[in-house]
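Asker: Pasting coords-v3.txt here (compact mmCIF, C-alpha atoms):
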```txt
# COMPACT_ATOMS: atom_id res chain seq x y z
CA LYS A 1 144.54 -86.30 -20.12
CA LYS A 2 141.87 -83.83 -19.07
CA LYS A 3 140.43 -81.59 -21.74
CA ILE A 4 140.05 -77.85 -21.19
CA LYS A 5 136.65 -76.45 -22.07
CA VAL A 6 136.33 -72.84 -23.25
CA LEU A 7 132.97 -71.25 -22.54
CA ASN A 8 131.39 -68.44 -24.54
CA ASN A 9 134.41 -68.11 -26.86
CA GLY A 10 136.44 -66.88 -23.88
CA SER A 11 134.09 -64.11 -22.77
CA ILE A 12 133.80 -63.76 -18.99
CA SER A 13 130.98 -61.22 -18.66
CA GLY A 14 129.45 -60.86 -22.11
CA VAL A 15 127.81 -57.67 -23.38
CA ASN A 16 124.90 -55.78 -21.90
CA THR A 17 122.90 -55.66 -25.13
CA SER A 18 120.19 -53.51 -23.51
CA LEU A 19 122.81 -50.82 -22.94
CA PHE A 20 124.93 -51.32 -26.06
CA LYS A 21 122.51 -50.86 -28.93
CA PHE A 22 122.08 -48.49 -31.85
CA ASP A 23 120.53 -45.19 -30.80
CA SER A 24 119.95 -42.51 -33.45
CA ARG A 25 119.55 -39.80 -30.81
CA ALA A 26 122.89 -40.71 -29.21
CA ARG A 27 124.46 -40.68 -32.68
CA ASP A 28 123.17 -37.19 -33.46
CA LEU A 29 124.10 -35.81 -30.03
CA PHE A 30 127.64 -37.16 -30.20
CA ARG A 31 128.20 -35.77 -33.68
CA ASN A 32 126.75 -32.39 -32.70
CA ASN A 33 128.96 -32.20 -29.59
CA TYR A 34 132.10 -32.80 -31.65
CA GLN A 35 130.94 -30.76 -34.65
CA ILE A 36 131.07 -33.73 -37.00
CA ASP A 37 129.25 -33.26 -40.28
CA PRO A 38 126.16 -35.50 -40.48
CA THR A 39 127.36 -36.80 -43.86
CA SER A 40 130.87 -37.63 -42.61
CA ILE A 41 131.87 -41.30 -42.49
CA VAL A 42 133.36 -41.86 -39.04
CA ILE A 43 136.03 -44.50 -38.48
CA GLY A 44 136.33 -45.21 -34.76
CA PHE A 45 138.81 -46.92 -32.46
CA VAL A 46 138.52 -47.63 -28.72
CA GLY A 47 141.54 -48.75 -26.71
CA ARG A 48 144.99 -47.73 -25.55
CA VAL A 49 146.56 -45.35 -28.04
CA CYS A 50 149.89 -47.11 -28.52
CA LYS A 51 151.93 -48.80 -31.23
CA ASP A 52 150.92 -52.40 -30.50
CA LYS A 53 147.29 -51.42 -30.95
CA GLY A 54 148.12 -50.52 -34.55
CA VAL A 55 147.02 -46.90 -34.30
CA ILE A 56 149.94 -45.58 -36.35
CA SER A 57 149.11 -47.80 -39.33
CA LEU A 58 145.44 -46.85 -38.95
CA TYR A 59 146.32 -43.14 -38.86
CA LEU A 60 148.61 -43.31 -41.91
CA THR A 61 146.03 -45.35 -43.86
CA PHE A 62 143.36 -42.83 -42.89
CA LYS A 63 145.50 -39.97 -44.21
CA LYS A 64 145.89 -41.72 -47.57
CA LEU A 65 142.16 -42.39 -47.81
CA LEU A 66 141.37 -38.79 -46.91
CA ILE A 67 142.84 -37.68 -50.24
CA HIS A 68 140.10 -39.57 -52.08
CA PHE A 69 137.36 -39.36 -49.44
CA PRO A 70 137.52 -35.90 -47.84
CA ASN A 71 134.35 -36.53 -45.81
CA LEU A 72 136.10 -39.01 -43.48
CA THR A 73 136.61 -38.53 -39.74
CA LEU A 74 138.92 -40.62 -37.55
CA ILE A 75 138.18 -40.85 -33.82
CA LEU A 76 140.52 -42.50 -31.32
CA ILE A 77 139.17 -43.05 -27.81
CA GLY A 78 141.68 -44.00 -25.14
CA SER A 79 144.72 -43.00 -23.14
CA ASP A 80 147.69 -41.62 -25.11
CA GLU A 81 150.04 -44.05 -23.32
CA GLU A 82 153.08 -43.55 -25.54
CA HIS A 83 152.47 -39.83 -26.14
CA LEU A 84 151.92 -40.41 -29.84
CA ILE A 85 149.47 -37.52 -29.95
CA LYS A 86 151.32 -35.31 -27.46
CA ASN A 87 154.52 -35.66 -29.52
CA LYS A 88 152.54 -35.07 -32.73
CA ILE A 89 153.37 -38.41 -34.31
CA LEU A 90 149.60 -38.50 -34.73
CA LYS A 91 148.57 -34.93 -35.57
CA LEU A 92 145.10 -33.73 -34.58
CA ASP A 93 143.11 -31.70 -37.11
CA ASN A 94 139.50 -31.16 -38.19
CA ASN A 95 139.26 -34.73 -39.48
CA PHE A 96 141.04 -36.42 -36.58
CA ILE A 97 139.67 -36.36 -33.05
CA HIS A 98 141.13 -37.82 -29.87
CA ILE A 99 138.97 -38.44 -26.80
CA LYS A 100 141.11 -39.32 -23.78
CA HIS A 101 138.46 -41.19 -21.86
CA SER A 102 134.73 -41.89 -21.83
CA GLU A 103 132.64 -43.42 -19.07
CA ASN A 104 129.68 -43.72 -21.43
CA ILE A 105 131.13 -45.44 -24.48
CA GLU A 106 127.65 -46.79 -25.34
CA LYS A 107 126.64 -43.19 -26.16
CA ILE A 108 129.61 -42.74 -28.51
CA LEU A 109 129.67 -46.00 -30.48
CA PRO A 110 126.41 -45.26 -32.34
CA GLY A 111 128.19 -42.21 -33.80
CA PHE A 112 130.65 -44.45 -35.64
CA ASP A 113 130.12 -45.80 -39.16
CA ILE A 114 133.05 -48.24 -39.02
CA PHE A 115 134.78 -49.67 -35.96
CA CYS A 116 138.43 -50.52 -36.57
CA LEU A 117 140.73 -52.49 -34.29
CA PRO A 118 144.16 -52.81 -35.97
CA SER A 119 145.89 -54.49 -33.00
CA GLU A 120 149.05 -56.56 -33.35
CA ARG A 121 148.05 -58.70 -30.32
CA GLU A 122 144.83 -59.12 -28.36
CA GLY A 123 142.98 -61.21 -25.83
CA LEU A 124 139.23 -61.12 -26.41
CA PRO A 125 138.53 -57.46 -27.28
CA ILE A 126 135.31 -56.39 -25.57
CA SER A 127 135.39 -53.18 -27.65
CA ILE A 128 134.57 -55.16 -30.81
CA LEU A 129 131.71 -56.98 -29.09
CA GLU A 130 130.24 -53.72 -27.82
CA ALA A 131 130.55 -52.07 -31.25
CA SER A 132 128.87 -55.03 -32.95
CA SER A 133 126.08 -54.87 -30.38
CA CYS A 134 125.57 -51.24 -31.49
CA GLU A 135 125.26 -52.44 -35.11
CA ILE A 136 128.60 -51.02 -36.19
CA PRO A 137 130.47 -53.00 -38.89
CA ILE A 138 133.91 -54.18 -37.82
CA LEU A 139 137.30 -54.04 -39.51
CA GLY A 140 139.94 -55.92 -37.55
CA SER A 141 143.40 -57.39 -37.89
CA ASN A 142 143.41 -61.10 -38.68
CA ILE A 143 144.90 -62.25 -35.36
CA TYR A 144 143.83 -64.45 -32.46
CA GLY A 145 141.27 -62.74 -30.27
CA VAL A 146 140.07 -60.32 -32.93
CA LYS A 147 139.01 -63.04 -35.37
CA ASP A 148 137.11 -64.74 -32.53
CA CYS A 149 134.88 -61.66 -32.36
CA VAL A 150 134.38 -61.06 -36.08
CA LEU A 151 132.57 -63.28 -38.56
CA ASN A 152 134.56 -62.41 -41.67
CA ARG A 153 132.36 -61.04 -44.48
CA LYS A 154 129.32 -61.38 -42.21
CA THR A 155 129.74 -58.97 -39.28
CA GLY A 156 132.77 -57.21 -40.73
CA LEU A 157 136.09 -57.74 -42.46
CA LEU A 158 139.49 -59.03 -41.36
CA TYR A 159 142.70 -57.75 -42.93
CA ASN A 160 146.26 -59.11 -43.09
CA ASP A 161 148.58 -56.14 -43.68
CA THR A 162 148.54 -52.37 -44.22
CA GLN A 163 147.75 -52.66 -47.93
CA ASP A 164 144.83 -54.92 -47.07
CA LEU A 165 143.75 -52.45 -44.36
CA TYR A 166 143.58 -49.71 -47.00
CA LYS A 167 141.66 -51.96 -49.39
CA LYS A 168 139.13 -53.18 -46.80
CA LEU A 169 138.53 -49.71 -45.39
CA GLN A 170 137.91 -48.45 -48.90
CA ILE A 171 135.31 -51.20 -49.45
CA LEU A 172 133.42 -50.23 -46.30
CA ILE A 173 133.67 -46.50 -46.98
CA LYS A 174 132.19 -46.89 -50.46
CA ASP A 175 129.35 -49.27 -49.60
CA LYS A 176 126.77 -47.97 -47.10
CA ASN A 177 124.50 -50.95 -47.71
CA LEU A 178 127.31 -53.37 -46.89
CA ARG A 179 128.01 -51.47 -43.67
CA GLY A 180 124.35 -51.81 -42.72
CA LYS A 181 124.31 -55.50 -43.56
CA TYR A 182 127.40 -56.22 -41.45
CA GLY A 183 126.09 -54.07 -38.62
CA ASN A 184 122.74 -55.87 -38.46
CA ALA A 185 124.45 -59.26 -38.60
CA GLY A 186 126.81 -58.16 -35.84
CA ARG A 187 123.91 -57.34 -33.52
CA ARG A 188 122.39 -60.78 -34.13
CA PHE A 189 125.76 -62.44 -33.56
CA ILE A 190 126.24 -60.72 -30.20
CA MET A 191 122.68 -61.41 -29.10
CA GLY A 192 123.14 -65.12 -29.83
CA SER A 193 126.70 -65.70 -28.60
CA PHE A 194 127.82 -62.90 -26.27
CA ASP A 195 124.69 -61.47 -24.66
CA GLN A 196 125.33 -61.07 -20.94
CA LYS A 197 122.34 -63.23 -20.01
CA VAL A 198 123.49 -66.03 -22.36
CA VAL A 199 127.04 -65.91 -20.97
CA VAL A 200 125.99 -65.92 -17.31
CA LYS A 201 123.52 -68.76 -17.92
CA SER A 202 126.20 -70.94 -19.52
CA TYR A 203 128.57 -70.40 -16.58
CA VAL A 204 125.83 -71.22 -14.07
CA GLU A 205 125.00 -74.41 -15.98
CA GLU A 206 128.65 -75.45 -16.17
CA ILE A 207 129.24 -74.82 -12.47
CA SER A 208 126.10 -76.84 -11.66
CA LYS A 209 127.48 -79.78 -13.64
CA ILE A 210 130.80 -79.58 -11.81
CA MET A 211 129.05 -79.43 -8.42
CA LYS A 212 127.05 -82.56 -9.23
CA LEU A 213 130.25 -84.42 -10.14
CA ALA A 214 132.02 -83.34 -6.96
```
Produce C-alpha cells that represent the structure in this file.

Answerer:
Amino acid sequence: KKKIKVLNNGSISGVNTSLFKFDSRARDLFRNNYQIDPTSIVIGFVGRVCKDKGVISLYLTFKKLLIHFPNLTLILIGSDEEHLIKNKILKLDNNFIHIKHSENIEKILPGFDIFCLPSEREGLPISILEASSCEIPILGSNIYGVKDCVLNRKTGLLYNDTQDLYKKLQILIKDKNLRGKYGNAGRRFIMGSFDQKVVVKSYVEEISKIMKLA
C-alpha cells in the first residue's frame, strides 16, 4: 500500500507574512473609519455569514457577554449568504458591525483583539492563519481543520460547545496579557509552519524528489 503524504499541514499557498502582519496605523485607521472606541475589545470573524459557520451562536454569545462587558464590538466580514442580517436574525447596532466584503483584509485584521471562527465544519481555514500572522489570538471550534491551525493554549483557545465558547471568550476578554502572548506565539507559528516561502520551498523539494524517482 502506498502512503499519502500531507505537506504543510494541508496548506497549498501559505500566508504572505510580509503582507499579513500587525500594523498599529492600520489598526487605528480601521477603528476610526468605523467609529470604534479605541478602548473597545473587538471580536472579529471573516467568512461566509451563514449557519454552518457558527455565526448565530457567536452572535448570541456576544449578546450575553455584552451585558457584563459593554465595551465589546463584534465584526462579521463576509457575504450574508442566508440573509441572516437582512432578515434581522442578526440585528446590527452600535456594537455589531457587518462588512459585506473587503479586498484588503490585511488592513482590517490588525483592528481585531480576538479572532473567532465558530464553524461547524471546515477545510483548512486560511482566515485563521492570516489572523495569527497579524498577531491576533484565535478562538476556534474544536473540529478538524480549525484545530490544525490553532495550537491550543499557545496561539489561542479551542472550544467544544456554546457554553465553552462563552467561557473561553470571557477568558480572552478579561486578560489582555494572555491575548498578547497568544498573538505573539501565533505569529511565530505561522512564520515557522505556514509562511508562503516555507510552503513553496517544501512543494518544490517534494516535486524534485518525485522527478528523480520517475

Asker: For segment 22-80 of chain A versus segment 105-128 of chain A, which residues have an atom no more than 8 Å away, and what is each residue's nearest atom pair and distance in Å rounded to one decimal, using only C-alpha atoms, chain-then-number order, as a Markdown table?

Answerer:
```
| residue | atom | partner | partner_atom | distance |
| --- | --- | --- | --- | --- |
| A:Phe22 | CA | A:Pro110 | CA | 5.4 |
| A:Asp23 | CA | A:Pro110 | CA | 6.1 |
| A:Ser24 | CA | A:Pro110 | CA | 7.1 |
| A:Ala26 | CA | A:Lys107 | CA | 5.4 |
| A:Arg27 | CA | A:Gly111 | CA | 4.2 |
| A:Asp28 | CA | A:Gly111 | CA | 7.1 |
| A:Phe30 | CA | A:Ile108 | CA | 6.2 |
| A:Arg31 | CA | A:Gly111 | CA | 6.4 |
| A:Ile41 | CA | A:Asp113 | CA | 5.9 |
| A:Val42 | CA | A:Phe112 | CA | 5.1 |
| A:Ile43 | CA | A:Ile114 | CA | 4.8 |
| A:Gly44 | CA | A:Phe115 | CA | 4.9 |
| A:Phe45 | CA | A:Cys116 | CA | 5.5 |
| A:Val46 | CA | A:Ser127 | CA | 6.5 |
| A:Gly47 | CA | A:Ser127 | CA | 7.6 |
| A:Asp52 | CA | A:Glu120 | CA | 5.4 |
| A:Lys53 | CA | A:Ser119 | CA | 3.9 |
| A:Gly54 | CA | A:Pro118 | CA | 4.8 |
| A:Val55 | CA | A:Pro118 | CA | 6.8 |
| A:Ser57 | CA | A:Pro118 | CA | 7.8 |
| A:Leu58 | CA | A:Pro118 | CA | 6.8 |
```

Asker: Write out as number ranges by chain the residues lying within 10 Å of segment 148-161 of chain A, counting only C-alpha atoms and excluding same-chain residues fewer than 5 positions away.

Answerer: A: 9-11, 57, 114-118, 123-129, 132, 135-143, 166-169, 171-172, 178-190, 193-194

Asker: Under the rule that all atoms listed in the file are counted, which of A:Gln170, A:Ile36, A:Lys176, A:Leu90 is the nearest residue to Lys51 of chain A?

Answerer: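 The closest residue to Lys51 of chain A is A:Leu90.
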
Asker: In Å, with one decimal, what is the gap from atom CA of Ile99 of chain A to atom CA of Leu29 of chain A?

Answerer: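 Between atom CA of Ile99 of chain A and atom CA of Leu29 of chain A the gap is 15.4 Å.
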
Asker: Between atom CA of Asp37 of chain A and atom CA of Asn71 of chain A, what is the distance in Å, rounded to a tenth?

Answerer: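 Here the two named atoms are 8.2 Å from each other.
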
Asker: Between A:Ser79, A:Cys134, A:Asp175, A:Lys197, which has the minimum distance to Lys21 of chain A (counting all atoms listed in the file)?

Answerer: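 Using all atoms listed in the file, the shortest distance to Lys21 of chain A belongs to A:Cys134.
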
Asker: At a cut-off of 12 Å around the point (150.9, -38.6, -29.3) (file coordinates), what residues fall inside when counting all atoms listed in the file? I'd like the answer as a list in words.

Answerer: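 The answer, in the requested form, is Arg48, Val49, Cys50, Lys51, Val55, Ile56, Tyr59, Leu76, Gly78, Ser79, Asp80, Glu81, Glu82, His83, Leu84, Ile85, Lys86, Asn87, Lys88, Ile89, Leu90, Lys91, Leu92, His98 and Lys100 of chain A.
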
Asker: State, in Å with one decimal place, the distance from atom CA of Lys174 of chain A to atom CA of Arg25 of chain A.

Answerer: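 Those two atoms sit 24.4 Å apart.
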
Asker: Could you work out an axis-aligned bounding box for all listed atoms of segment 82-95 of chain A, with 5 Å added on each of the six sides, and give its centre and edge lengths in Å to one decimal, as JSON?

Answerer:
```
{"center_x": 146.9, "center_y": -37.4, "center_z": -32.5, "size_x": 25.3, "size_y": 22.4, "size_z": 23.9}
```

Asker: For Leu72 of chain A, which residue among A:Tyr144, A:Phe96, A:Phe20, A:Tyr34 is the nearest when counting all atoms listed in the file?

Answerer: A:Phe96
